[in-house]
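What follows is a set of notes on a single structure, which appears directly below.
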Amino acid sequence: MKLLVFAMLGMIALGGLLGALASRLRYVLTDRHLKVTLFGLCLRRIRLADIESVSKRQAHRAEKWYNTLKPAHRILVIRRRRGLFKDFIITPRNRYVFKTELEQTLAKVQTVDANQRPDCLPLVQGKSPSQNGRA
């Protein structure tokens, strides 16, 4: 009987600890990544170039990173291009503010990527692409 009581108390304490840790999750936007951090340590990172869209509606099974016990009106779904679970769910405090910041950062990343990609094949020593062995 004592073992059962201690097991129940241990499960309650573990649940409280996990709930407290989940409330300390933070979402950080950098120039190249969206990071999920716990006490400043990166737990999960998604490349901004891999993000397809951002919405508040979930369509598929998802990887969930909640930082609240009541995520109903805080859910933000990030749709990725690759991965087993393409939907990535976070719960920022102000989801529309975070969504706007994320979309602005995505626009910057897309313009930087577009500027770095060459529109034509490079020339080698003044030769045309057909002379470089590329037809």
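The chains in the structure tokens are called A, B, ... from first to last as shown; in each chain the residues are counted from 1, and the ligands are counted from 1 in the order shown.
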(message) as an MDAnalysis selection string, please: every residue in chain A that DSSP puts in alpha helix (DSSP H).
(response) chainID A and resid 2:23 95:116
(request) Excluding Asn67 (chain A) and any residue of its chain fewer than 2 positions from it, enumerate the residues within 6 Å of it, using only C-alpha atoms, and give them as a ChimeraX atom specification. (result) /A:22-23,25
(request) Can you pull out every residue within 9 Å of His60 (chain A), counting only C-alpha atoms, but drop anything in the same chain fewer than 6 positions away, and send it as a VMD selection string? (result) chain A and resid 85 to 87
(request) Find the residues around Ala72 (chain A) up to 12 Å (only C-alpha atoms counted), leave out those fewer than 3 positions away in its own chain, and share them as a PyMOL selection string. (result) chain A and resi 56-58+66-69+75-76+89-93+95
(message) So that I can see what lies close to Tyr96 (chain A), please list as a list of chain:residue names the residues with an atom at most 12 Å from it, counting only C-alpha atoms and leaving out residues fewer than 6 positions away in the same chain.
(response)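 Contacts, in chain order: A:Val54, A:Ser55, A:Lys56, A:His73, A:Arg74, A:Ile75, A:Leu76, A:Val77, A:Leu102, A:Glu103.
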